[in-house]
Number of protein chains: 2
Amino acid sequence: MPHALGKHLLVDLYGCPTGLLNDVAALETVMVEAAHRAGTTVLNTTFHRFSPCGVSGVVVIQESHLTIHTWPEQGFVAIDLFTCGRQTQPGRALTYLKRALQSTRSDVRQLVRGQGDSSPKK
Amino acid sequence: MPHALGKHLLVDLYGCPTGLLNDVAALETVMVEAAHRAGTTVLNTTFHRFSPCGVSGVVVIQESHLTIHTWPEQGFVAIDLFTCGRQTQPGRALTYLKRALQSTRSDVRQLVRGQGDSSPKK
């Protein structure tokens, strides 16, 4: 059985300020900083502000991706930190994100990706 | 306790053809088609071909995101289908993706996002 190819943190944050969760520029800044704190290399970003509210954003990194989706009315944020490589440190990004997004409660699940039979088909 | 805000399918596919997993154009076409089959609305896409091999791609949709990362040497693909709203049908995308990517084995996990206390902070 090979080692896992990817580390995936699924981060649900609650109790975040409504205004922040609608601020697309601030959220992009926060997510790019999170990528840097995880020790990853940012390739590009795409962020979108929805009407009447909510933001979706993706930070594509050399080592996979970070995503964020916000539900401002509920104070809720769903973040994914998907990284590969042994050098990445998504836990550092997580610590930063909880603080930066001012969450009062978090639900974090850590999964591994790609642990099964990985022999190529052809 | 409110209903879940997001549905998240984590799809690990094994045994996929090496050539296909390096074909960035084909993979973008497949992922956009998967978004359509899930009944979602595509906002934009960003795909990247790595050297010497591998592809990362994101399809940003009105209802959250689809992502793909490939490890061609291992025949391995990690896909995320994150959708919100009751109308989306990620299961249809999953059925399509298994076939389109010619996987011989899959490991699919289904999670919900945002089920806890969602009262906003302020």
# chains A, B, ... in the order shown; residues from 1 in each chain; ligands from 1

$ residues_around --residues "Phe82 (chain B)" --least-positions-apart "2" --cutoff "9 Å" --atoms "only C-alpha atoms" --output "count of residues only"
13

$ residues_around --residues "Lys98 (chain A)" --least-positions-apart "6" --cutoff "12 Å" --atoms "only C-alpha atoms" --output "MDAnalysis selection string"
chainID A and resid 11:16 30:31 34 76:79 91:92 104:108

$ write_last_selection --atoms "N, CA, C and O atoms" --output "tab-separated table (two decimals), in the first residue's frame"
chain	number	residue	atom	x	y	z
A	11	VAL	N	-12.64	22.11	6.56
A	11	VAL	CA	-12.75	23.03	7.69
A	11	VAL	C	-14.07	23.77	7.62
A	11	VAL	O	-14.30	24.57	6.70
A	12	ASP	N	-14.96	23.51	8.58
A	12	ASP	CA	-16.21	24.23	8.68
A	12	ASP	C	-16.11	25.19	9.86
A	12	ASP	O	-15.89	24.76	11.00
A	13	LEU	N	-16.26	26.48	9.59
A	13	LEU	CA	-16.14	27.50	10.63
A	13	LEU	C	-17.49	28.17	10.85
A	13	LEU	O	-18.19	28.51	9.90
A	14	TYR	N	-17.81	28.37	12.12
A	14	TYR	CA	-19.10	28.96	12.50
A	14	TYR	C	-18.87	30.24	13.29
A	14	TYR	O	-17.81	30.42	13.90
A	15	GLY	N	-19.91	31.08	13.29
A	15	GLY	CA	-19.87	32.28	14.12
A	15	GLY	C	-19.01	33.39	13.55
A	15	GLY	O	-18.58	34.28	14.29
A	16	CYS	N	-18.77	33.37	12.26
A	16	CYS	CA	-17.92	34.40	11.64
A	16	CYS	C	-18.74	35.66	11.35
A	16	CYS	O	-19.95	35.58	11.10
A	30	VAL	N	-6.96	36.83	2.67
A	30	VAL	CA	-6.83	35.83	3.75
A	30	VAL	C	-6.45	34.46	3.18
A	30	VAL	O	-5.56	33.77	3.72
A	31	MET	N	-7.09	34.08	2.11
A	31	MET	CA	-6.82	32.73	1.57
A	31	MET	C	-5.43	32.63	0.95
A	31	MET	O	-4.77	31.58	1.05
A	34	ALA	N	-3.12	32.28	3.76
A	34	ALA	CA	-3.19	30.91	4.28
A	34	ALA	C	-2.34	29.96	3.43
A	34	ALA	O	-1.64	29.09	3.97
A	76	PHE	N	-21.37	31.19	8.43
A	76	PHE	CA	-20.72	29.91	8.16
A	76	PHE	C	-19.76	30.00	6.97
A	76	PHE	O	-20.04	30.65	5.97
A	77	VAL	N	-18.64	29.31	7.12
A	77	VAL	CA	-17.60	29.25	6.08
A	77	VAL	C	-17.17	27.79	5.91
A	77	VAL	O	-16.87	27.11	6.90
A	78	ALA	N	-17.11	27.33	4.66
A	78	ALA	CA	-16.56	26.00	4.36
A	78	ALA	C	-15.26	26.19	3.60
A	78	ALA	O	-15.25	26.80	2.53
A	79	ILE	N	-14.18	25.65	4.16
A	79	ILE	CA	-12.86	25.78	3.55
A	79	ILE	C	-12.29	24.39	3.31
A	79	ILE	O	-12.44	23.49	4.16
A	91	GLY	N	-1.77	22.59	8.61
A	91	GLY	CA	-2.16	22.93	9.98
A	91	GLY	C	-1.85	24.37	10.34
A	91	GLY	O	-2.59	25.01	11.09
A	92	ARG	N	-0.78	24.89	9.79
A	92	ARG	CA	-0.46	26.30	10.04
A	92	ARG	C	-1.48	27.22	9.38
A	92	ARG	O	-1.85	28.26	9.93
A	104	THR	N	-16.06	31.33	15.98
A	104	THR	CA	-16.25	30.98	17.38
A	104	THR	C	-16.25	29.47	17.60
A	104	THR	O	-16.15	29.00	18.72
A	105	ARG	N	-16.42	28.73	16.51
A	105	ARG	CA	-16.43	27.27	16.61
A	105	ARG	C	-15.99	26.68	15.28
A	105	ARG	O	-16.28	27.26	14.22
A	106	SER	N	-15.29	25.56	15.35
A	106	SER	CA	-14.83	24.94	14.11
A	106	SER	C	-15.08	23.44	14.14
A	106	SER	O	-15.12	22.82	15.21
A	107	ASP	N	-15.26	22.89	12.97
A	107	ASP	CA	-15.41	21.44	12.80
A	107	ASP	C	-14.41	21.06	11.71
A	107	ASP	O	-14.60	21.43	10.55
A	108	VAL	N	-13.35	20.37	12.08
A	108	VAL	CA	-12.27	20.07	11.15
A	108	VAL	C	-12.14	18.56	10.96
A	108	VAL	O	-12.06	17.81	11.94

$ residues_around --residues "Gln89 (chain B)" --least-positions-apart "2" --cutoff "10 Å" --atoms "only C-alpha atoms" --output "PDB file with N, CA, C and O atoms, in the first residue's frame"
ATOM      1  N   LYS B   7     -23.193  19.729   0.034  1.00  0.00           N
ATOM      2  CA  LYS B   7     -22.945  18.300  -0.166  1.00  0.00           C
ATOM      3  C   LYS B   7     -21.557  18.177  -0.781  1.00  0.00           C
ATOM      4  O   LYS B   7     -21.236  18.886  -1.732  1.00  0.00           O
ATOM      5  N   ALA B  35     -19.974  19.027 -14.537  1.00  0.00           N
ATOM      6  CA  ALA B  35     -20.722  20.119 -13.893  1.00  0.00           C
ATOM      7  C   ALA B  35     -22.117  20.228 -14.500  1.00  0.00           C
ATOM      8  O   ALA B  35     -23.119  20.405 -13.782  1.00  0.00           O
ATOM      9  N   HIS B  36     -22.199  20.120 -15.806  1.00  0.00           N
ATOM     10  CA  HIS B  36     -23.507  20.195 -16.464  1.00  0.00           C
ATOM     11  C   HIS B  36     -24.389  19.022 -16.054  1.00  0.00           C
ATOM     12  O   HIS B  36     -25.582  19.192 -15.789  1.00  0.00           O
ATOM     13  N   ARG B  37     -23.795  17.842 -15.983  1.00  0.00           N
ATOM     14  CA  ARG B  37     -24.604  16.662 -15.627  1.00  0.00           C
ATOM     15  C   ARG B  37     -25.109  16.734 -14.191  1.00  0.00           C
ATOM     16  O   ARG B  37     -26.126  16.140 -13.846  1.00  0.00           O
ATOM     17  N   ALA B  38     -24.366  17.446 -13.347  1.00  0.00           N
ATOM     18  CA  ALA B  38     -24.819  17.635 -11.963  1.00  0.00           C
ATOM     19  C   ALA B  38     -25.903  18.708 -11.865  1.00  0.00           C
ATOM     20  O   ALA B  38     -26.417  18.962 -10.774  1.00  0.00           O
ATOM     21  N   GLY B  39     -26.206  19.325 -12.983  1.00  0.00           N
ATOM     22  CA  GLY B  39     -27.244  20.361 -12.987  1.00  0.00           C
ATOM     23  C   GLY B  39     -26.777  21.686 -12.444  1.00  0.00           C
ATOM     24  O   GLY B  39     -27.578  22.475 -11.944  1.00  0.00           O
ATOM     25  N   THR B  40     -25.481  21.950 -12.537  1.00  0.00           N
ATOM     26  CA  THR B  40     -24.934  23.182 -11.984  1.00  0.00           C
ATOM     27  C   THR B  40     -24.598  24.179 -13.100  1.00  0.00           C
ATOM     28  O   THR B  40     -24.558  23.830 -14.274  1.00  0.00           O
ATOM     29  N   THR B  83     -21.243  20.821  -3.851  1.00  0.00           N
ATOM     30  CA  THR B  83     -22.404  21.538  -4.376  1.00  0.00           C
ATOM     31  C   THR B  83     -23.331  21.936  -3.232  1.00  0.00           C
ATOM     32  O   THR B  83     -23.381  21.287  -2.189  1.00  0.00           O
ATOM     33  N   CYS B  84     -24.033  23.024  -3.437  1.00  0.00           N
ATOM     34  CA  CYS B  84     -25.068  23.423  -2.495  1.00  0.00           C
ATOM     35  C   CYS B  84     -26.373  23.586  -3.259  1.00  0.00           C
ATOM     36  O   CYS B  84     -26.397  23.650  -4.480  1.00  0.00           O
ATOM     37  N   GLY B  85     -27.454  23.626  -2.512  1.00  0.00           N
ATOM     38  CA  GLY B  85     -28.766  23.723  -3.143  1.00  0.00           C
ATOM     39  C   GLY B  85     -29.361  22.338  -3.334  1.00  0.00           C
ATOM     40  O   GLY B  85     -28.651  21.348  -3.512  1.00  0.00           O
ATOM     41  N   ARG B  86     -30.664  22.291  -3.254  1.00  0.00           N
ATOM     42  CA  ARG B  86     -31.341  20.985  -3.303  1.00  0.00           C
ATOM     43  C   ARG B  86     -31.503  20.456  -4.719  1.00  0.00           C
ATOM     44  O   ARG B  86     -31.890  19.311  -4.915  1.00  0.00           O
ATOM     45  N   GLN B  87     -31.255  21.293  -5.710  1.00  0.00           N
ATOM     46  CA  GLN B  87     -31.501  20.874  -7.090  1.00  0.00           C
ATOM     47  C   GLN B  87     -30.307  20.149  -7.708  1.00  0.00           C
ATOM     48  O   GLN B  87     -30.453  19.513  -8.749  1.00  0.00           O
ATOM     49  N   GLY B  91     -24.399  13.006  -7.935  1.00  0.00           N
ATOM     50  CA  GLY B  91     -24.318  11.577  -8.239  1.00  0.00           C
ATOM     51  C   GLY B  91     -24.282  11.316  -9.737  1.00  0.00           C
ATOM     52  O   GLY B  91     -23.633  10.372 -10.207  1.00  0.00           O
ATOM     53  N   ARG B  92     -24.984  12.140 -10.488  1.00  0.00           N
ATOM     54  CA  ARG B  92     -24.956  11.978 -11.947  1.00  0.00           C
ATOM     55  C   ARG B  92     -23.574  12.317 -12.502  1.00  0.00           C
ATOM     56  O   ARG B  92     -23.099  11.680 -13.436  1.00  0.00           O
ATOM     57  N   ALA B  93     -22.957  13.343 -11.923  1.00  0.00           N
ATOM     58  CA  ALA B  93     -21.595  13.691 -12.342  1.00  0.00           C
ATOM     59  C   ALA B  93     -20.637  12.549 -12.010  1.00  0.00           C
ATOM     60  O   ALA B  93     -19.757  12.209 -12.807  1.00  0.00           O
ATOM     61  N   LEU B  94     -20.817  11.960 -10.848  1.00  0.00           N
ATOM     62  CA  LEU B  94     -19.941  10.856 -10.434  1.00  0.00           C
ATOM     63  C   LEU B  94     -20.022   9.682 -11.404  1.00  0.00           C
ATOM     64  O   LEU B  94     -18.996   9.133 -11.819  1.00  0.00           O
TER      65      LEU B  94
END

$ closest_residue --among "B:Val42, B:Val32, B:Ala25, B:Ile68" --to "chain A" --atoms "only C-alpha atoms"
B:Ile68

$ select_by_dssp --residues "chain A" --states "strand (DSSP E or B)" --output "PyMOL selection string"
chain A and resi 6-14+42-49+55-61+64-71+76-83+105-113

$ write_last_selection --atoms "N, CA and C atoms" --output "short mmCIF file (atom, residue, chain, number, x, y, z; two decimals), in the first residue's frame"
data_model
loop_
_atom_site.label_atom_id
_atom_site.label_comp_id
_atom_site.auth_asym_id
_atom_site.auth_seq_id
_atom_site.Cartn_x
_atom_site.Cartn_y
_atom_site.Cartn_z
N GLY A 6 -2.33 12.69 -1.15
CA GLY A 6 -2.81 14.03 -0.80
C GLY A 6 -3.32 14.09 0.63
N LYS A 7 -3.15 15.28 1.24
CA LYS A 7 -3.73 15.54 2.56
C LYS A 7 -4.88 16.52 2.36
N HIS A 8 -6.01 16.24 2.98
CA HIS A 8 -7.18 17.07 2.74
C HIS A 8 -7.80 17.45 4.08
N LEU A 9 -7.77 18.72 4.40
CA LEU A 9 -8.45 19.25 5.59
C LEU A 9 -9.75 19.89 5.15
N LEU A 10 -10.86 19.43 5.74
CA LEU A 10 -12.17 20.02 5.49
C LEU A 10 -12.52 20.82 6.73
N VAL A 11 -12.64 22.11 6.56
CA VAL A 11 -12.75 23.03 7.69
C VAL A 11 -14.07 23.77 7.62
N ASP A 12 -14.96 23.51 8.58
CA ASP A 12 -16.21 24.23 8.68
C ASP A 12 -16.11 25.19 9.86
N LEU A 13 -16.26 26.48 9.59
CA LEU A 13 -16.14 27.50 10.63
C LEU A 13 -17.49 28.17 10.85
N TYR A 14 -17.81 28.37 12.12
CA TYR A 14 -19.10 28.96 12.50
C TYR A 14 -18.87 30.24 13.29
N VAL A 42 1.48 29.67 -4.76
CA VAL A 42 0.23 30.07 -5.41
C VAL A 42 0.45 30.20 -6.92
N LEU A 43 -0.44 29.53 -7.69
CA LEU A 43 -0.39 29.64 -9.15
C LEU A 43 -1.37 30.70 -9.65
N ASN A 44 -2.60 30.64 -9.20
CA ASN A 44 -3.56 31.70 -9.50
C ASN A 44 -4.75 31.63 -8.56
N THR A 45 -5.62 32.62 -8.67
CA THR A 45 -6.80 32.69 -7.80
C THR A 45 -8.02 33.07 -8.63
N THR A 46 -9.17 32.63 -8.17
CA THR A 46 -10.42 33.11 -8.77
C THR A 46 -11.44 33.23 -7.65
N PHE A 47 -11.96 34.45 -7.48
CA PHE A 47 -12.92 34.72 -6.41
C PHE A 47 -14.17 35.37 -7.02
N HIS A 48 -15.32 35.06 -6.43
CA HIS A 48 -16.59 35.53 -6.99
C HIS A 48 -17.51 35.94 -5.84
N ARG A 49 -18.09 37.12 -5.99
CA ARG A 49 -19.06 37.61 -5.01
C ARG A 49 -20.46 37.40 -5.58
N VAL A 55 -19.62 34.52 -0.91
CA VAL A 55 -18.40 34.55 -1.72
C VAL A 55 -17.92 33.11 -1.95
N SER A 56 -17.46 32.84 -3.16
CA SER A 56 -16.73 31.61 -3.44
C SER A 56 -15.36 31.97 -3.95
N GLY A 57 -14.35 31.22 -3.52
CA GLY A 57 -13.01 31.51 -3.99
C GLY A 57 -12.15 30.27 -4.06
N VAL A 58 -11.24 30.28 -5.01
CA VAL A 58 -10.29 29.17 -5.18
C VAL A 58 -8.89 29.74 -5.28
N VAL A 59 -7.97 29.15 -4.56
CA VAL A 59 -6.55 29.44 -4.72
C VAL A 59 -5.91 28.17 -5.27
N VAL A 60 -5.50 28.23 -6.53
CA VAL A 60 -4.82 27.08 -7.13
C VAL A 60 -3.35 27.17 -6.74
N ILE A 61 -2.84 26.11 -6.16
CA ILE A 61 -1.45 26.08 -5.71
C ILE A 61 -0.71 24.96 -6.43
N SER A 64 -1.86 21.60 -5.13
CA SER A 64 -3.28 21.24 -5.27
C SER A 64 -4.18 22.47 -5.14
N HIS A 65 -4.97 22.62 -4.06
CA HIS A 65 -5.87 23.78 -4.02
C HIS A 65 -6.33 24.12 -2.61
N LEU A 66 -6.76 25.38 -2.47
CA LEU A 66 -7.51 25.84 -1.32
C LEU A 66 -8.82 26.43 -1.86
N THR A 67 -9.94 26.14 -1.19
CA THR A 67 -11.20 26.74 -1.61
C THR A 67 -11.91 27.31 -0.38
N ILE A 68 -12.80 28.27 -0.65
CA ILE A 68 -13.64 28.84 0.40
C ILE A 68 -15.02 29.15 -0.17
N HIS A 69 -16.03 28.87 0.63
CA HIS A 69 -17.41 29.27 0.31
C HIS A 69 -18.01 29.84 1.59
N THR A 70 -18.71 30.95 1.46
CA THR A 70 -19.27 31.59 2.66
C THR A 70 -20.79 31.70 2.58
N TRP A 71 -21.42 31.56 3.73
CA TRP A 71 -22.85 31.76 3.90
C TRP A 71 -22.98 32.86 4.97
N PHE A 76 -21.37 31.19 8.43
CA PHE A 76 -20.72 29.91 8.16
C PHE A 76 -19.76 30.00 6.97
N VAL A 77 -18.64 29.31 7.12
CA VAL A 77 -17.60 29.25 6.08
C VAL A 77 -17.17 27.79 5.91
N ALA A 78 -17.11 27.33 4.66
CA ALA A 78 -16.56 26.00 4.36
C ALA A 78 -15.26 26.19 3.60
N ILE A 79 -14.18 25.65 4.16
CA ILE A 79 -12.86 25.78 3.55
C ILE A 79 -12.29 24.39 3.31
N ASP A 80 -11.64 24.22 2.17
CA ASP A 80 -10.88 22.99 1.91
C ASP A 80 -9.41 23.35 1.71
N LEU A 81 -8.57 22.59 2.35
CA LEU A 81 -7.12 22.73 2.18
C LEU A 81 -6.61 21.38 1.68
N PHE A 82 -6.40 21.30 0.39
CA PHE A 82 -5.97 20.05 -0.23
C PHE A 82 -4.53 20.26 -0.68
N THR A 83 -3.60 19.53 -0.06
CA THR A 83 -2.19 19.71 -0.39
C THR A 83 -1.54 18.35 -0.61
N ARG A 105 -16.42 28.73 16.51
CA ARG A 105 -16.43 27.27 16.61
C ARG A 105 -15.99 26.68 15.28
N SER A 106 -15.29 25.56 15.35
CA SER A 106 -14.83 24.94 14.11
C SER A 106 -15.08 23.44 14.14
N ASP A 107 -15.26 22.89 12.97
CA ASP A 107 -15.41 21.44 12.80
C ASP A 107 -14.41 21.06 11.71
N VAL A 108 -13.35 20.37 12.08
CA VAL A 108 -12.27 20.07 11.15
C VAL A 108 -12.14 18.56 10.96
N ARG A 109 -12.17 18.14 9.72
CA ARG A 109 -11.96 16.73 9.40
C ARG A 109 -10.71 16.61 8.54
N GLN A 110 -9.89 15.63 8.85
CA GLN A 110 -8.68 15.41 8.08
C GLN A 110 -8.77 14.07 7.37
N LEU A 111 -8.62 14.10 6.07
CA LEU A 111 -8.70 12.89 5.26
C LEU A 111 -7.44 12.75 4.44
N VAL A 112 -7.16 11.53 4.03
CA VAL A 112 -6.08 11.32 3.08
C VAL A 112 -6.69 10.90 1.76
N ARG A 113 -5.97 11.21 0.68
CA ARG A 113 -6.46 10.91 -0.66
C ARG A 113 -5.44 10.04 -1.38
#

$ select_by_dssp --residues "chain B" --states "alpha helix (DSSP H)" --output "list in words"
Thr18, Gly19, Leu20, Leu21, Val24, Ala25, Ala26, Leu27, Glu28, Thr29, Val30, Met31, Val32, Glu33, Ala34, Ala35, His36, Arg37, Pro90, Gly91, Arg92, Ala93, Leu94, Thr95, Tyr96, Leu97, Lys98, Arg99 and Ala100 of chain B

$ write_last_selection --atoms "N, CA and C atoms" --output "short mmCIF file (atom, residue, chain, number, x, y, z; two decimals), in the first residue's frame"
data_model
loop_
_atom_site.label_atom_id
_atom_site.label_comp_id
_atom_site.auth_asym_id
_atom_site.auth_seq_id
_atom_site.Cartn_x
_atom_site.Cartn_y
_atom_site.Cartn_z
N THR B 18 -2.80 6.62 -18.22
CA THR B 18 -1.77 7.64 -17.99
C THR B 18 -1.91 8.82 -18.95
N GLY B 19 -2.10 8.51 -20.23
CA GLY B 19 -2.18 9.57 -21.24
C GLY B 19 -3.32 10.54 -20.97
N LEU B 20 -4.46 10.00 -20.61
CA LEU B 20 -5.62 10.84 -20.33
C LEU B 20 -5.36 11.77 -19.15
N LEU B 21 -4.63 11.27 -18.16
CA LEU B 21 -4.40 12.06 -16.95
C LEU B 21 -3.38 13.18 -17.16
N VAL B 24 -4.63 17.97 -20.50
CA VAL B 24 -5.32 19.04 -19.78
C VAL B 24 -6.59 19.46 -20.51
N ALA B 25 -6.57 19.49 -21.83
CA ALA B 25 -7.76 19.92 -22.57
C ALA B 25 -8.89 18.91 -22.40
N ALA B 26 -8.55 17.62 -22.51
CA ALA B 26 -9.57 16.59 -22.35
C ALA B 26 -10.16 16.62 -20.94
N LEU B 27 -9.31 16.83 -19.95
CA LEU B 27 -9.79 16.82 -18.56
C LEU B 27 -10.69 18.02 -18.29
N GLU B 28 -10.37 19.17 -18.88
CA GLU B 28 -11.24 20.33 -18.69
C GLU B 28 -12.61 20.06 -19.32
N THR B 29 -12.61 19.46 -20.51
CA THR B 29 -13.88 19.14 -21.16
C THR B 29 -14.70 18.18 -20.29
N VAL B 30 -14.04 17.17 -19.74
CA VAL B 30 -14.73 16.19 -18.91
C VAL B 30 -15.31 16.84 -17.66
N MET B 31 -14.54 17.71 -17.02
CA MET B 31 -15.01 18.32 -15.77
C MET B 31 -16.16 19.29 -16.01
N VAL B 32 -16.10 20.02 -17.10
CA VAL B 32 -17.21 20.94 -17.42
C VAL B 32 -18.47 20.13 -17.73
N GLU B 33 -18.30 19.04 -18.45
CA GLU B 33 -19.46 18.18 -18.72
C GLU B 33 -20.02 17.60 -17.42
N ALA B 34 -19.14 17.24 -16.50
CA ALA B 34 -19.59 16.73 -15.20
C ALA B 34 -20.42 17.78 -14.46
N ALA B 35 -19.97 19.03 -14.54
CA ALA B 35 -20.72 20.12 -13.89
C ALA B 35 -22.12 20.23 -14.50
N HIS B 36 -22.20 20.12 -15.81
CA HIS B 36 -23.51 20.20 -16.46
C HIS B 36 -24.39 19.02 -16.05
N ARG B 37 -23.79 17.84 -15.98
CA ARG B 37 -24.60 16.66 -15.63
C ARG B 37 -25.11 16.73 -14.19
N PRO B 90 -25.01 15.70 -7.83
CA PRO B 90 -23.61 15.30 -8.01
C PRO B 90 -23.45 13.82 -8.33
N GLY B 91 -24.40 13.01 -7.93
CA GLY B 91 -24.32 11.58 -8.24
C GLY B 91 -24.28 11.32 -9.74
N ARG B 92 -24.98 12.14 -10.49
CA ARG B 92 -24.96 11.98 -11.95
C ARG B 92 -23.57 12.32 -12.50
N ALA B 93 -22.96 13.34 -11.92
CA ALA B 93 -21.59 13.69 -12.34
C ALA B 93 -20.64 12.55 -12.01
N LEU B 94 -20.82 11.96 -10.85
CA LEU B 94 -19.94 10.86 -10.43
C LEU B 94 -20.02 9.68 -11.40
N THR B 95 -21.23 9.29 -11.75
CA THR B 95 -21.40 8.18 -12.70
C THR B 95 -20.69 8.48 -14.01
N TYR B 96 -20.87 9.70 -14.48
CA TYR B 96 -20.23 10.11 -15.74
C TYR B 96 -18.70 10.08 -15.61
N LEU B 97 -18.18 10.61 -14.51
CA LEU B 97 -16.72 10.73 -14.36
C LEU B 97 -16.02 9.37 -14.30
N LYS B 98 -16.63 8.43 -13.60
CA LYS B 98 -16.02 7.10 -13.53
C LYS B 98 -15.85 6.51 -14.93
N ARG B 99 -16.85 6.72 -15.76
CA ARG B 99 -16.80 6.17 -17.12
C ARG B 99 -15.83 6.98 -17.98
N ALA B 100 -15.95 8.30 -17.93
CA ALA B 100 -15.15 9.17 -18.80
C ALA B 100 -13.66 9.02 -18.50
#

$ atom_distance --atom1 "CA of Thr41 (chain A)" --atom2 "CA of Gln62 (chain A)"
5.4 Å

$ atom_distance --atom1 "CA of Ser103 (chain A)" --atom2 "CA of Ser51 (chain A)"
23.1 Å

$ closest_residue --among "B:Thr88, B:Asn22, B:Gln74, B:Gln102" --to "chain A" --atoms "only C-alpha atoms"
B:Gln74

$ decode --residues "region 18-30 of chain B" --atoms "N, CA, C and O atoms" --output "CSV table (one decimal), in the first residue's frame"
chain,number,residue,atom,x,y,z
B,18,THR,N,-2.8,6.6,-18.2
B,18,THR,CA,-1.8,7.6,-18.0
B,18,THR,C,-1.9,8.8,-19.0
B,18,THR,O,-1.8,10.0,-18.6
B,19,GLY,N,-2.1,8.5,-20.2
B,19,GLY,CA,-2.2,9.6,-21.2
B,19,GLY,C,-3.3,10.5,-21.0
B,19,GLY,O,-3.2,11.8,-21.1
B,20,LEU,N,-4.5,10.0,-20.6
B,20,LEU,CA,-5.6,10.8,-20.3
B,20,LEU,C,-5.4,11.8,-19.2
B,20,LEU,O,-5.8,12.9,-19.2
B,21,LEU,N,-4.6,11.3,-18.2
B,21,LEU,CA,-4.4,12.1,-16.9
B,21,LEU,C,-3.4,13.2,-17.2
B,21,LEU,O,-3.2,14.0,-16.3
B,22,ASN,N,-2.7,13.2,-18.3
B,22,ASN,CA,-1.9,14.3,-18.7
B,22,ASN,C,-2.5,15.3,-19.7
B,22,ASN,O,-1.9,16.3,-20.1
B,23,ASP,N,-3.7,14.9,-20.2
B,23,ASP,CA,-4.3,15.7,-21.3
B,23,ASP,C,-5.2,16.8,-20.7
B,23,ASP,O,-6.4,16.6,-20.4
B,24,VAL,N,-4.6,18.0,-20.5
B,24,VAL,CA,-5.3,19.0,-19.8
B,24,VAL,C,-6.6,19.5,-20.5
B,24,VAL,O,-7.6,19.7,-19.9
B,25,ALA,N,-6.6,19.5,-21.8
B,25,ALA,CA,-7.8,19.9,-22.6
B,25,ALA,C,-8.9,18.9,-22.4
B,25,ALA,O,-10.1,19.3,-22.2
B,26,ALA,N,-8.5,17.6,-22.5
B,26,ALA,CA,-9.6,16.6,-22.3
B,26,ALA,C,-10.2,16.6,-20.9
B,26,ALA,O,-11.4,16.5,-20.8
B,27,LEU,N,-9.3,16.8,-19.9
B,27,LEU,CA,-9.8,16.8,-18.6
B,27,LEU,C,-10.7,18.0,-18.3
B,27,LEU,O,-11.7,17.9,-17.6
B,28,GLU,N,-10.4,19.2,-18.9
B,28,GLU,CA,-11.2,20.3,-18.7
B,28,GLU,C,-12.6,20.1,-19.3
B,28,GLU,O,-13.7,20.4,-18.7
B,29,THR,N,-12.6,19.5,-20.5
B,29,THR,CA,-13.9,19.1,-21.2
B,29,THR,C,-14.7,18.2,-20.3
B,29,THR,O,-15.9,18.4,-20.1
B,30,VAL,N,-14.0,17.2,-19.7
B,30,VAL,CA,-14.7,16.2,-18.9
B,30,VAL,C,-15.3,16.8,-17.7
B,30,VAL,O,-16.5,16.6,-17.3
